[in-house]
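Data block below; observations after.
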Amino acid sequence: MKILSMDFECTGLQKDKDEVIEVGAVLWTTARNRIMESTSYLVKNTVPISEEITNLTGITQGMIDCCGYESLDGFNKLQDMIEQADAFVGQNIVRFDMGFYEAWAKKLGQTPIQKLVVDTRTDLPGVEGKTLSYMACDAGFINNLAHNALGDCLTVLRLLSMHKIEDVVARAQSPTLVVRADVSFADNALAKKRKYAWHPASKMWWRAVKQIDLDKEIQEAPFNVSLVKDIPLEVLWYS
């Protein structure tokens with residue numbers, strides 16, 4: 001199986017407003033457990049880079065002006081690698097990078113390529129989803145190049161390589177569901193301890209779970225768990 005590890009650094013967090021300014025992409029073969037192709041490059045921007053983003057990523061406007069690809073050229077370079085892969089993989093890729101990839105394609109009048117998406121934050125069997133650096137530490141190594149697109153791609157692949165790809169794919173193919181904790185005000189701490197989040201608009205404690213994990217969540221939670229079918233996950237994420 002050929003998997004493309006993909007990571008973006010962007011001018012901010014809003015996919016419909018902000019822009020990709022760095023692409024990291026590594027084409028990996030699970031059959032040989034090795035890299036077949038890798039690249040990292042800057043992309044020219046129209047949205048200004050804030051001081052906060054420069055401090056986080058090390059990317060300055062001068063670097064992009066000097067060495068950045070034109071947006072369409074950068075997008076097409078990525079598309080060439082995506083076409084060779086059977087699946088994407090990334091950390092928090094479902095919520096962040098895929099949204100930016102699709103928004104980037106839309107802005108350029110291009111068509112995003114659909115592939116299986118593996119998210120290391122949710123799809124590694126038996127692993128608690130955390131930030132990439134914390135997950136690396138839990139796995140016994142340090143992510144030395146955090147918020148460097150290529151460095152994060154390589155860290156993701158190292159985490160992925162510690163698991164049977166068949167088990168990871170099974171989790172990636174399992175739908176993500178929204179569940180709520182049916183708790184009283186006095187028991188809110190129980191939901192919070194189990195990593196449920198409070199959604200003020202709907203006045204509920206909620207959590208996203210893989211369908212493959214639903215029975216386990218129902219059995220282990222110290223409260224009743226029910227499915228939420230009338231509120232899309234994206235609404236809960238972004239409101």
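Ordering of the structure tokens sets the chain letters (A, B, ...); residue numbers start at 1 within each chain; ligands are numbered from 1 in the order shown.
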What residues in region 111-215 of chain A get the DSSP label helix (DSSP H, G or I)? Please answer as a ChimeraX atom specification.
-> /A:132-139,149-160,165-173,185-193,211-215
Just the selected residues (N, CA and C atoms), exported as a compact mmCIF listing (two decimals), in the first residue's frame, please.
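Result went into result.txt, see below:
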# COMPACT_ATOMS: atom_id res chain seq x y z
N LEU A 132 0.74 15.90 18.32
CA LEU A 132 1.72 15.03 17.69
C LEU A 132 2.97 14.86 18.56
N SER A 133 3.44 15.93 19.16
CA SER A 133 4.64 15.84 19.98
C SER A 133 4.42 14.95 21.20
N TYR A 134 3.25 15.05 21.82
CA TYR A 134 2.96 14.20 22.97
C TYR A 134 2.81 12.74 22.55
N MET A 135 2.21 12.50 21.40
CA MET A 135 2.06 11.12 20.93
C MET A 135 3.42 10.52 20.61
N ALA A 136 4.32 11.32 20.05
CA ALA A 136 5.68 10.84 19.79
C ALA A 136 6.36 10.47 21.11
N CYS A 137 6.24 11.32 22.11
CA CYS A 137 6.84 11.03 23.41
C CYS A 137 6.27 9.75 24.01
N ASP A 138 4.95 9.58 23.92
CA ASP A 138 4.32 8.36 24.43
C ASP A 138 4.86 7.12 23.72
N ALA A 139 5.24 7.30 22.44
CA ALA A 139 5.75 6.18 21.64
C ALA A 139 7.26 5.98 21.84
N ALA A 149 6.68 21.24 8.24
CA ALA A 149 5.78 20.34 7.52
C ALA A 149 6.40 18.98 7.24
N LEU A 150 7.63 18.95 6.74
CA LEU A 150 8.27 17.67 6.43
C LEU A 150 8.58 16.90 7.71
N GLY A 151 9.02 17.60 8.75
CA GLY A 151 9.31 16.94 10.02
C GLY A 151 8.08 16.27 10.60
N ASP A 152 6.93 16.96 10.54
CA ASP A 152 5.70 16.37 11.05
C ASP A 152 5.26 15.17 10.21
N CYS A 153 5.47 15.24 8.90
CA CYS A 153 5.16 14.08 8.03
C CYS A 153 5.95 12.85 8.46
N LEU A 154 7.22 13.04 8.73
CA LEU A 154 8.08 11.91 9.12
C LEU A 154 7.71 11.36 10.49
N THR A 155 7.34 12.25 11.40
CA THR A 155 6.89 11.79 12.73
C THR A 155 5.63 10.97 12.60
N VAL A 156 4.69 11.41 11.78
CA VAL A 156 3.45 10.68 11.54
C VAL A 156 3.75 9.28 11.00
N LEU A 157 4.66 9.18 10.05
CA LEU A 157 4.99 7.88 9.47
C LEU A 157 5.68 6.97 10.48
N ARG A 158 6.48 7.54 11.36
CA ARG A 158 7.11 6.72 12.39
C ARG A 158 6.06 6.14 13.32
N LEU A 159 5.07 6.95 13.69
CA LEU A 159 3.97 6.44 14.52
C LEU A 159 3.19 5.36 13.78
N LEU A 160 2.89 5.63 12.52
CA LEU A 160 2.12 4.68 11.72
C LEU A 160 2.83 3.34 11.60
N ILE A 165 -0.75 -2.24 9.40
CA ILE A 165 -1.49 -1.33 8.53
C ILE A 165 -2.93 -1.79 8.36
N GLU A 166 -3.19 -3.09 8.41
CA GLU A 166 -4.56 -3.59 8.26
C GLU A 166 -5.46 -3.08 9.39
N ASP A 167 -4.91 -3.03 10.60
CA ASP A 167 -5.69 -2.56 11.75
C ASP A 167 -5.94 -1.06 11.65
N VAL A 168 -4.94 -0.32 11.18
CA VAL A 168 -5.09 1.13 11.03
C VAL A 168 -6.14 1.44 9.96
N VAL A 169 -6.06 0.73 8.84
CA VAL A 169 -7.02 0.96 7.76
C VAL A 169 -8.44 0.65 8.22
N ALA A 170 -8.61 -0.41 8.99
CA ALA A 170 -9.94 -0.77 9.49
C ALA A 170 -10.52 0.37 10.33
N ARG A 171 -9.68 0.99 11.13
CA ARG A 171 -10.16 2.12 11.95
C ARG A 171 -10.46 3.33 11.06
N ALA A 172 -9.60 3.57 10.07
CA ALA A 172 -9.82 4.71 9.18
C ALA A 172 -11.12 4.56 8.40
N GLN A 173 -11.47 3.33 8.06
CA GLN A 173 -12.69 3.09 7.29
C GLN A 173 -13.94 3.11 8.17
N PHE A 185 -26.12 17.78 36.11
CA PHE A 185 -25.16 18.84 36.41
C PHE A 185 -24.14 18.37 37.44
N ALA A 186 -24.59 17.61 38.40
CA ALA A 186 -23.70 17.14 39.46
C ALA A 186 -22.63 16.17 38.94
N ASP A 187 -22.90 15.55 37.80
CA ASP A 187 -21.96 14.55 37.26
C ASP A 187 -21.17 15.06 36.06
N ASN A 188 -21.17 16.38 35.85
CA ASN A 188 -20.43 16.93 34.71
C ASN A 188 -18.96 16.53 34.71
N ALA A 189 -18.39 16.42 35.90
CA ALA A 189 -16.97 16.09 36.01
C ALA A 189 -16.67 14.71 35.43
N LEU A 190 -17.64 13.82 35.48
CA LEU A 190 -17.44 12.48 34.92
C LEU A 190 -17.29 12.55 33.41
N ALA A 191 -18.11 13.38 32.78
CA ALA A 191 -18.02 13.54 31.32
C ALA A 191 -16.70 14.21 30.94
N LYS A 192 -16.34 15.24 31.66
CA LYS A 192 -15.10 15.96 31.38
C LYS A 192 -13.89 15.05 31.53
N LYS A 193 -13.89 14.23 32.55
CA LYS A 193 -12.78 13.30 32.79
C LYS A 193 -12.64 12.31 31.65
N GLN A 211 -17.04 4.30 15.04
CA GLN A 211 -18.09 3.29 15.18
C GLN A 211 -17.53 2.00 15.74
N ILE A 212 -16.29 1.69 15.37
CA ILE A 212 -15.64 0.48 15.84
C ILE A 212 -15.43 0.48 17.36
N ASP A 213 -15.45 1.70 17.97
CA ASP A 213 -15.23 1.84 19.41
C ASP A 213 -16.51 2.09 20.19
N LEU A 214 -17.64 2.16 19.51
CA LEU A 214 -18.88 2.58 20.16
C LEU A 214 -19.29 1.64 21.29
N ASP A 215 -19.29 0.35 21.06
CA ASP A 215 -19.70 -0.60 22.10
C ASP A 215 -18.82 -0.48 23.33
Which residues, written as a PyMOL selection string, have at least one atom at most 9 Å from Asp7 (chain A), with only C-alpha atoms counted and residues fewer than 3 positions away on the same chain left out? chain A and resi 22-25+89-91+93+97+148-150+152-153
Set the distance at 10 Å and use only C-alpha atoms: which residues neighbour Gly74 (chain A) once local chain neighbours fewer than 4 positions away are removed? I'd like the list as a ChimeraX atom specification. /A:20-23,41-44,68-70,78-79
Okay, now the selection with C-alpha atoms, as a tab-separated table (two decimals), in the first residue's frame?
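Now in again.tsv:
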chain	number	residue	atom	x	y	z
A	20	VAL	CA	-1.28	27.14	2.83
A	21	ILE	CA	2.26	28.52	3.05
A	22	GLU	CA	4.22	25.26	3.42
A	23	VAL	CA	3.61	21.77	2.12
A	41	TYR	CA	8.31	23.60	-0.15
A	42	LEU	CA	6.91	27.06	0.53
A	43	VAL	CA	3.90	28.52	-1.29
A	44	LYS	CA	3.31	32.17	-2.09
A	68	GLY	CA	7.90	30.11	-2.59
A	69	TYR	CA	6.09	28.36	-5.42
A	70	GLU	CA	3.23	30.13	-7.14
A	78	LEU	CA	1.17	18.08	-4.51
A	79	GLN	CA	-1.48	16.62	-6.83
As number ranges by chain, please: all residues of region 15-133 of chain A that backbone DSSP puts in strand (DSSP E). A: 20-29, 34-42, 87-90, 116-119
Might you pull out every residue within 6 Å of region 220-228 of chain A, with only C-alpha atoms counted and same-chain residues fewer than 5 positions away left off, and present them as a PDB file with N, CA and C atoms, in the first residue's frame?
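Contents of around_29.pdb, freshly written:
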ATOM      1  N   VAL A 178     -21.009  10.856  16.579  1.00  0.00           N
ATOM      2  CA  VAL A 178     -21.082  11.793  17.700  1.00  0.00           C
ATOM      3  C   VAL A 178     -21.944  11.168  18.784  1.00  0.00           C
ATOM      4  N   VAL A 179     -21.431  11.142  20.005  1.00  0.00           N
ATOM      5  CA  VAL A 179     -22.212  10.637  21.130  1.00  0.00           C
ATOM      6  C   VAL A 179     -22.291  11.711  22.206  1.00  0.00           C
ATOM      7  N   ARG A 180     -23.311  11.606  23.022  1.00  0.00           N
ATOM      8  CA  ARG A 180     -23.488  12.539  24.132  1.00  0.00           C
ATOM      9  C   ARG A 180     -23.479  11.780  25.446  1.00  0.00           C
ATOM     10  N   ALA A 181     -23.006  12.462  26.477  1.00  0.00           N
ATOM     11  CA  ALA A 181     -23.031  11.893  27.818  1.00  0.00           C
ATOM     12  C   ALA A 181     -24.308  12.351  28.510  1.00  0.00           C
ATOM     13  N   ASP A 182     -25.139  11.418  28.891  1.00  0.00           N
ATOM     14  CA  ASP A 182     -26.389  11.747  29.571  1.00  0.00           C
ATOM     15  C   ASP A 182     -26.104  11.857  31.071  1.00  0.00           C
TER      16      ASP A 182
END
Neighbours of Leu56 (chain A) within 8 Å (only C-alpha atoms; same-chain residues fewer than 3 positions away dropped), as a VMD selection string?
chain A and resid 52 to 53 147
Within 9 Å of region 31-35 of chain A, counting only C-alpha atoms, which residues qualify if same-chain residues fewer than 6 places away don't, as a PDB file with C-alpha atoms, in the first residue's frame?
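Written file, around.pdb:
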ATOM      1  CA  MET A   1       0.000   0.000   0.000  1.00  0.00           C
ATOM      2  CA  LYS A   2       1.270   3.477  -0.871  1.00  0.00           C
ATOM      3  CA  SER A 161       4.908   2.162  11.191  1.00  0.00           C
TER       4      SER A 161
END
query = Near Leu233 (chain A), counting only C-alpha atoms, which residues have an atom at most 9 Å away, once you skip same-chain residues fewer than 3 positions from it, shown as a PyMOL selection string?
reply = chain A and resi 176-178+208+236-238
Saved selection, atoms kept: N, CA and C atoms, as a compact mmCIF listing (two decimals), in the first residue's frame:
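part21.txt written:
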# COMPACT_ATOMS: atom_id res chain seq x y z
N THR A 176 -17.01 8.00 11.78
CA THR A 176 -16.93 8.75 13.03
C THR A 176 -18.32 9.17 13.45
N LEU A 177 -18.69 8.85 14.68
CA LEU A 177 -20.00 9.15 15.21
C LEU A 177 -19.91 10.20 16.31
N VAL A 178 -21.01 10.86 16.58
CA VAL A 178 -21.08 11.79 17.70
C VAL A 178 -21.94 11.17 18.78
N ALA A 208 -16.58 12.70 19.82
CA ALA A 208 -16.54 11.96 18.56
C ALA A 208 -15.89 10.61 18.82
N LEU A 236 -20.26 20.89 15.54
CA LEU A 236 -19.72 20.82 16.89
C LEU A 236 -18.26 21.25 16.94
N TRP A 237 -17.51 20.91 15.91
CA TRP A 237 -16.10 21.30 15.87
C TRP A 237 -15.93 22.81 15.81
N TYR A 238 -16.74 23.46 14.99
CA TYR A 238 -16.49 24.85 14.66
C TYR A 238 -17.46 25.84 15.27
Please measure the separation of CA of Ser40 (chain A) and CA of Asp65 (chain A), giving the value in Å to one decimal.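 Straight-line distance from CA of Ser40 (chain A) to CA of Asp65 (chain A) works out to 16.0 Å.
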query: CA of Asp16 (chain A) and CA of Lys77 (chain A) are how many Å apart?
result: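 Those two atoms sit 21.4 Å apart.
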Nearest to Glu102 (chain A): which of A:Thr39, A:Phe75, A:Leu13, A:Asp86 is it, counting only C-alpha atoms?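 The answer is A:Phe75, which sits nearest to Glu102 (chain A).
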In terms of only C-alpha atoms, the residue from A:Leu108, A:Leu27, A:Ile64, A:Ala103 at minimal distance from Glu83 (chain A) is A:Leu27
Among A:Cys10, A:Ile3, A:Val183, A:Met81, Thr54 (chain A) is approached most closely, using only C-alpha atoms, by A:Cys10
| task | May I ask which of the residues A:Asn45, A:Thr11, A:Gln84, A:Ser184 is the closest one to Thr29 (chain A), counting only C-alpha atoms? | result |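 Once distances to Thr29 (chain A) are computed over only C-alpha atoms, the minimum belongs to A:Gln84.
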